[in-house]
Amino acid sequence: MAESPVLLNKHEVERLLSYDDLIPRLESVMGKFSKRDSSEMIQPVRSVVPIQQHSGFLGVMPAYLAAEGILCTKMVTFYQRPEGSSLPSTQATVLLFHPEHGHVTAIMDGEAITAKRTAAVSAISAKLFMPALSEVLCILGSGQQARSHYDVFTKVFKFKEVRVWSRRREMAHRFVNDLQGPVRVCSSVKEAVTGADVIVTATGASEPVLFGEWVKPGAHVAAVGACRPDWRELDDVLMRGAVVYVDSREGATAESGDIILSGAQVFAELGEVINGSFPAQREKTTIFKSLGMGIQDAVSAKLVLEKWNSKH
Ligand SMILES: NC(=O)c1ccc[n+]([C@@H]2O[C@H](COP(=O)([O-])OP(=O)(O)OC[C@H]3O[C@@H](n4cnc5c(N)ncnc54)[C@H](O)[C@@H]3O)[C@@H](O)[C@H]2O)c1
Ligand SMILES: O=C(O)[C@@H]1CCCCN1
């Protein structure tokens, strides 16, 4: 009989998953994904069930990585919460399976994985696309993703100034009070993004919050929110005037309102740049439109389990 699965809560996953381990694994898996070798990797676009009555969605994100021996699925719910709600907007669980025998080997919290792997992938995009001399980082939003992006961006890069904007100013102050380093709270998006070299959009917005006319030419935008085909974070001017990179072309075409509704062309996947098949146009204004991928969760969960196994 198969052994009982390892159960790991959010605190344990958080502790076991470091950006130093995660970033090279994500670079490698995204490069492989963009080669589209189905004998190596299978990851369909996620299935999403709308929960209309409660303004929410259930997403199922399976992935099989043959060479790495990883069979995984994440189940994630995400909601548009009313202002002031204390409930998290994104919650997730990740299951790892034994690829040969089919039983579940681990069940772990997916919130920490989602927060860290998304931010780590944005940091990979910034490493490739941000201006060579980047001094100012701006984060729009003050939730889970804003926090993980702050953590990894200030760990990997050295910015002279970090700014944050949140639609409720007191939430931006609360965000800053939890941090070690200095961060300037801005009262408008325009104030926050003017002159910024790197802009992270991590909001629950469904209408544009970031407008092209405010963005410095050559800046890099890591756009993490707006993951439904009718949701936007970025306006048409920005989308059409920038070089647009995505995590997966299929995911972006199915799920990104910023791409579908603006009619912007996707230039390349992040993995295609990692592979060297498309260039990083660092001197131009660039957008990395992130939707999230099952393969990112899969390598993250495997890493967590490896770490856990090495200590037990
Ligand atoms: N790309 C990915 O892989 C990925 C992964 C996880 C989450 N997300 C998306 O990232 C976004 C942020 O996720 P989170 O977990 O940090 O959520 P969160 O609820 O913790 O934070 C959301 C932030 O957005 C702000 N916000 C909500 N509605 C807004 C609006 N209409 N205009 C401006 N600001 C608004 C909130 O005030 C808060 O600061 C969500 O859209 C989520 O679906 C993307
Ligand atoms: O890839 C993910 O995990 C997220 C979940 C929430 C919606 C956007 N994508």
# chains A, B, ... in the order shown; residues from 1 in each chain; ligands from 1
call {"tool": "residues_near_ligand", "arguments": {"ligand": "ligand 2", "cutoff": "9 Å", "atoms": "only C-alpha atoms and all ligand atoms", "output": "ChimeraX atom specification"}}
result
/A:46,57-59,61,74-79,89-92,110-111,113-115,117-118,224-228,290-294,296-297
call {"tool": "write_last_selection", "arguments": {"atoms": "N, CA, C and O atoms", "output": "compact mmCIF listing (two decimals), in the first residue's frame"}}
result
# COMPACT_ATOMS: atom_id res chain seq x y z
N ARG A 46 -5.07 26.36 -17.95
CA ARG A 46 -5.87 25.95 -16.79
C ARG A 46 -7.37 25.96 -17.11
O ARG A 46 -7.83 26.78 -17.92
N PHE A 57 -13.71 32.34 -8.75
CA PHE A 57 -13.32 31.38 -9.78
C PHE A 57 -12.54 30.24 -9.13
O PHE A 57 -11.81 30.47 -8.16
N LEU A 58 -12.71 29.04 -9.67
CA LEU A 58 -11.88 27.90 -9.29
C LEU A 58 -11.04 27.52 -10.50
O LEU A 58 -11.59 27.26 -11.58
N GLY A 59 -9.73 27.50 -10.32
CA GLY A 59 -8.84 27.11 -11.41
C GLY A 59 -8.14 25.80 -11.08
O GLY A 59 -7.75 25.58 -9.93
N MET A 61 -4.91 23.42 -12.34
CA MET A 61 -3.68 23.64 -13.11
C MET A 61 -2.77 22.41 -13.06
O MET A 61 -1.83 22.36 -12.28
N LYS A 74 -2.28 22.08 -9.20
CA LYS A 74 -2.70 23.07 -8.20
C LYS A 74 -4.18 23.32 -8.39
O LYS A 74 -4.68 23.30 -9.52
N MET A 75 -4.86 23.50 -7.28
CA MET A 75 -6.25 23.97 -7.32
C MET A 75 -6.26 25.33 -6.65
O MET A 75 -5.75 25.46 -5.53
N VAL A 76 -6.77 26.30 -7.35
CA VAL A 76 -6.70 27.67 -6.83
C VAL A 76 -8.06 28.34 -6.94
O VAL A 76 -8.75 28.19 -7.95
N THR A 77 -8.46 29.03 -5.88
CA THR A 77 -9.66 29.86 -5.99
C THR A 77 -9.23 31.32 -5.92
O THR A 77 -8.28 31.67 -5.21
N PHE A 78 -9.89 32.15 -6.70
CA PHE A 78 -9.63 33.59 -6.60
C PHE A 78 -10.94 34.35 -6.72
O PHE A 78 -11.82 33.99 -7.48
N TYR A 79 -11.02 35.39 -5.89
CA TYR A 79 -12.27 36.14 -5.72
C TYR A 79 -12.03 37.63 -5.87
O TYR A 79 -10.96 38.12 -5.53
N SER A 89 -7.79 36.93 -1.27
CA SER A 89 -8.45 36.83 -2.59
C SER A 89 -8.00 35.58 -3.34
O SER A 89 -8.74 35.06 -4.15
N THR A 90 -6.78 35.09 -3.06
CA THR A 90 -6.27 33.89 -3.75
C THR A 90 -5.92 32.83 -2.72
O THR A 90 -5.17 33.12 -1.78
N GLN A 91 -6.46 31.63 -2.89
CA GLN A 91 -6.14 30.51 -1.98
C GLN A 91 -5.87 29.27 -2.84
O GLN A 91 -6.54 29.09 -3.86
N ALA A 92 -4.94 28.43 -2.40
CA ALA A 92 -4.56 27.32 -3.27
C ALA A 92 -4.01 26.14 -2.48
O ALA A 92 -3.50 26.30 -1.38
N GLY A 110 -0.77 26.06 -1.19
CA GLY A 110 -0.38 26.65 -2.46
C GLY A 110 -0.33 28.17 -2.43
O GLY A 110 0.05 28.79 -3.42
N GLU A 111 -0.67 28.75 -1.29
CA GLU A 111 -0.64 30.22 -1.25
C GLU A 111 0.78 30.75 -1.27
O GLU A 111 1.11 31.69 -2.00
N ILE A 113 3.39 29.11 -2.33
CA ILE A 113 3.97 28.78 -3.64
C ILE A 113 3.52 29.81 -4.68
O ILE A 113 4.34 30.34 -5.44
N THR A 114 2.23 30.13 -4.69
CA THR A 114 1.71 31.09 -5.67
C THR A 114 2.36 32.46 -5.49
O THR A 114 2.75 33.11 -6.47
N ALA A 115 2.48 32.88 -4.24
CA ALA A 115 3.07 34.20 -3.99
C ALA A 115 4.53 34.24 -4.45
O ALA A 115 4.95 35.15 -5.18
N ARG A 117 6.40 31.96 -6.40
CA ARG A 117 6.80 31.63 -7.78
C ARG A 117 6.39 32.73 -8.75
O ARG A 117 7.08 33.02 -9.71
N THR A 118 5.26 33.40 -8.46
CA THR A 118 4.84 34.49 -9.36
C THR A 118 5.84 35.64 -9.28
O THR A 118 6.26 36.19 -10.31
N VAL A 224 0.91 41.44 -13.27
CA VAL A 224 0.60 40.17 -12.63
C VAL A 224 -0.92 39.95 -12.45
O VAL A 224 -1.40 38.83 -12.41
N GLY A 225 -1.68 41.04 -12.34
CA GLY A 225 -3.13 40.90 -12.12
C GLY A 225 -3.88 40.71 -13.44
O GLY A 225 -3.29 40.28 -14.43
N ALA A 226 -5.19 41.01 -13.42
CA ALA A 226 -6.04 40.94 -14.63
C ALA A 226 -5.89 39.61 -15.36
O ALA A 226 -5.38 39.56 -16.48
N CYS A 227 -6.34 38.55 -14.72
CA CYS A 227 -6.14 37.22 -15.29
C CYS A 227 -7.45 36.63 -15.84
O CYS A 227 -7.62 35.42 -15.87
N ARG A 228 -8.35 37.50 -16.26
CA ARG A 228 -9.57 37.04 -16.94
C ARG A 228 -9.64 37.76 -18.30
O ARG A 228 -9.14 38.87 -18.45
N SER A 290 2.00 38.26 -16.99
CA SER A 290 2.03 36.97 -16.28
C SER A 290 0.60 36.51 -16.00
O SER A 290 -0.22 37.29 -15.53
N LEU A 291 0.35 35.25 -16.31
CA LEU A 291 -0.96 34.65 -15.96
C LEU A 291 -0.80 33.55 -14.93
O LEU A 291 -1.74 33.19 -14.25
N GLY A 292 0.41 32.98 -14.87
CA GLY A 292 0.67 31.87 -13.94
C GLY A 292 0.55 30.54 -14.66
O GLY A 292 -0.32 30.35 -15.50
N MET A 293 1.47 29.61 -14.34
CA MET A 293 1.51 28.32 -15.05
C MET A 293 1.64 27.16 -14.07
O MET A 293 2.37 27.26 -13.07
N GLY A 294 1.00 26.05 -14.43
CA GLY A 294 1.09 24.84 -13.62
C GLY A 294 2.51 24.32 -13.48
O GLY A 294 2.88 23.79 -12.43
N GLN A 296 5.15 26.04 -13.17
CA GLN A 296 5.85 26.83 -12.13
C GLN A 296 5.51 26.28 -10.75
O GLN A 296 6.37 26.18 -9.87
N ASP A 297 4.22 25.93 -10.57
CA ASP A 297 3.81 25.35 -9.28
C ASP A 297 4.47 23.98 -9.09
O ASP A 297 4.87 23.62 -7.98
call {"tool": "select_by_dssp", "arguments": {"residues": "segment 69-209 of chain A", "states": "alpha helix (DSSP H)", "output": "ChimeraX atom specification"}}
result
/A:111-129,144-156,169-177,189-193
call {"tool": "residues_around", "arguments": {"residues": "Arg249 of chain A", "least_positions_apart": "2", "cutoff": "10 Å", "atoms": "only C-alpha atoms", "output": "JSON, numbers by chain"}}
result
{"A": [34, 45, 245, 246, 247, 251, 252, 253, 254, 255, 266, 267, 268, 269, 270]}
call {"tool": "residues_around", "arguments": {"residues": "Ala120 of chain A", "least_positions_apart": "4", "cutoff": "8 Å", "atoms": "only C-alpha atoms", "output": "ChimeraX atom specification"}}
result
/A:19,22-23,26,116,124,149,152
call {"tool": "write_last_selection", "arguments": {"atoms": "N, CA, C and O atoms", "output": "compact mmCIF listing (two decimals), in the first residue's frame"}}
result
# COMPACT_ATOMS: atom_id res chain seq x y z
N TYR A 19 13.99 31.90 -2.57
CA TYR A 19 14.12 32.47 -3.92
C TYR A 19 15.43 32.01 -4.59
O TYR A 19 15.46 31.81 -5.80
N LEU A 22 14.59 28.74 -6.01
CA LEU A 22 13.45 28.77 -6.93
C LEU A 22 13.80 29.39 -8.30
O LEU A 22 13.41 28.85 -9.35
N ILE A 23 14.53 30.49 -8.28
CA ILE A 23 14.75 31.24 -9.53
C ILE A 23 15.42 30.37 -10.63
O ILE A 23 14.91 30.29 -11.74
N LEU A 26 12.91 27.84 -12.03
CA LEU A 26 11.87 28.46 -12.86
C LEU A 26 12.43 28.84 -14.23
O LEU A 26 11.78 28.65 -15.25
N LYS A 116 5.30 33.20 -4.06
CA LYS A 116 6.74 33.24 -4.34
C LYS A 116 7.07 32.95 -5.80
O LYS A 116 7.92 33.62 -6.39
N ILE A 124 12.61 37.34 -12.84
CA ILE A 124 13.35 36.83 -14.02
C ILE A 124 13.08 37.75 -15.21
O ILE A 124 13.98 38.10 -15.97
N HIS A 149 6.54 40.37 -4.34
CA HIS A 149 7.33 41.09 -5.34
C HIS A 149 8.31 42.05 -4.66
O HIS A 149 9.47 42.16 -5.08
N VAL A 152 11.30 39.83 -3.33
CA VAL A 152 12.29 39.29 -4.28
C VAL A 152 12.97 40.41 -5.07
O VAL A 152 14.18 40.33 -5.33
call {"tool": "closest_residue", "arguments": {"among": "A:His103, A:Arg36, A:His54, A:Arg147", "to": "Ser4 of chain A", "atoms": "only C-alpha atoms"}}
result
A:His103
call {"tool": "atom_distance", "arguments": {"atom1": "atom CA of Leu16 of chain A", "atom2": "atom 16 (O, counted along the ligand's line) of ligand 1"}}
result
20.8 Å
call {"tool": "closest_residue", "arguments": {"among": "A:Gly271, A:Pro99, A:Pro182, A:Pro82", "to": "ligand 1", "atoms": "only C-alpha atoms and all ligand atoms"}}
result
A:Pro82
call {"tool": "closest_residue", "arguments": {"among": "A:Pro5, A:Gly143, A:Gly31, A:Pro279", "to": "ligand 1", "atoms": "only C-alpha atoms and all ligand atoms"}}
result
A:Gly143
call {"tool": "select_by_dssp", "arguments": {"residues": "segment 186-303 of chain A", "states": "strand (DSSP E)", "output": "PyMOL selection string"}}
result
chain A and resi 198-201+220-223+243-246+266-269+286-289
call {"tool": "write_last_selection", "arguments": {"atoms": "N, CA and C atoms", "output": "short mmCIF file (atom, residue, chain, number, x, y, z; two decimals), in the first residue's frame"}}
result
data_model
loop_
_atom_site.label_atom_id
_atom_site.label_comp_id
_atom_site.auth_asym_id
_atom_site.auth_seq_id
_atom_site.Cartn_x
_atom_site.Cartn_y
_atom_site.Cartn_z
N VAL A 198 11.05 50.29 -13.23
CA VAL A 198 10.38 48.98 -13.15
C VAL A 198 9.06 49.20 -12.43
N ILE A 199 7.98 48.72 -13.04
CA ILE A 199 6.65 48.87 -12.43
C ILE A 199 6.02 47.48 -12.31
N VAL A 200 5.60 47.14 -11.11
CA VAL A 200 4.88 45.87 -10.90
C VAL A 200 3.42 46.23 -10.71
N THR A 201 2.53 45.63 -11.51
CA THR A 201 1.09 45.83 -11.28
C THR A 201 0.55 44.54 -10.66
N HIS A 220 10.24 48.85 -17.68
CA HIS A 220 9.71 47.48 -17.73
C HIS A 220 8.53 47.35 -16.79
N VAL A 221 7.44 46.76 -17.31
CA VAL A 221 6.24 46.54 -16.50
C VAL A 221 6.05 45.03 -16.32
N ALA A 222 6.02 44.58 -15.07
CA ALA A 222 5.68 43.18 -14.78
C ALA A 222 4.22 43.21 -14.33
N ALA A 223 3.33 42.70 -15.19
CA ALA A 223 1.88 42.83 -14.98
C ALA A 223 1.33 41.48 -14.53
N VAL A 243 6.81 46.34 -26.13
CA VAL A 243 7.12 44.98 -26.57
C VAL A 243 6.53 44.04 -25.51
N VAL A 244 5.62 43.16 -25.94
CA VAL A 244 4.88 42.34 -24.97
C VAL A 244 5.44 40.92 -24.92
N TYR A 245 5.86 40.54 -23.73
CA TYR A 245 6.30 39.17 -23.45
C TYR A 245 5.25 38.52 -22.55
N VAL A 246 5.12 37.19 -22.65
CA VAL A 246 4.13 36.48 -21.82
C VAL A 246 4.79 35.23 -21.22
N VAL A 266 1.71 39.64 -29.15
CA VAL A 266 2.71 39.05 -28.24
C VAL A 266 4.01 38.90 -29.03
N PHE A 267 5.11 39.43 -28.49
CA PHE A 267 6.39 39.30 -29.18
C PHE A 267 7.02 37.93 -28.90
N ALA A 268 7.04 37.53 -27.63
CA ALA A 268 7.69 36.26 -27.28
C ALA A 268 7.30 35.80 -25.89
N GLU A 269 7.53 34.52 -25.65
CA GLU A 269 7.40 33.99 -24.29
C GLU A 269 8.72 34.25 -23.54
N THR A 286 8.94 47.60 -22.17
CA THR A 286 8.58 46.18 -22.22
C THR A 286 7.52 45.86 -21.17
N ILE A 287 6.68 44.87 -21.53
CA ILE A 287 5.68 44.36 -20.58
C ILE A 287 5.89 42.87 -20.48
N PHE A 288 5.92 42.36 -19.26
CA PHE A 288 5.82 40.91 -19.09
C PHE A 288 4.43 40.65 -18.51
N LYS A 289 3.56 40.04 -19.33
CA LYS A 289 2.20 39.75 -18.87
C LYS A 289 2.18 38.33 -18.30
#
call {"tool": "atom_distance", "arguments": {"atom1": "atom CA of Ser55 of chain A", "atom2": "atom CA of Gly204 of chain A"}}
result
12.1 Å
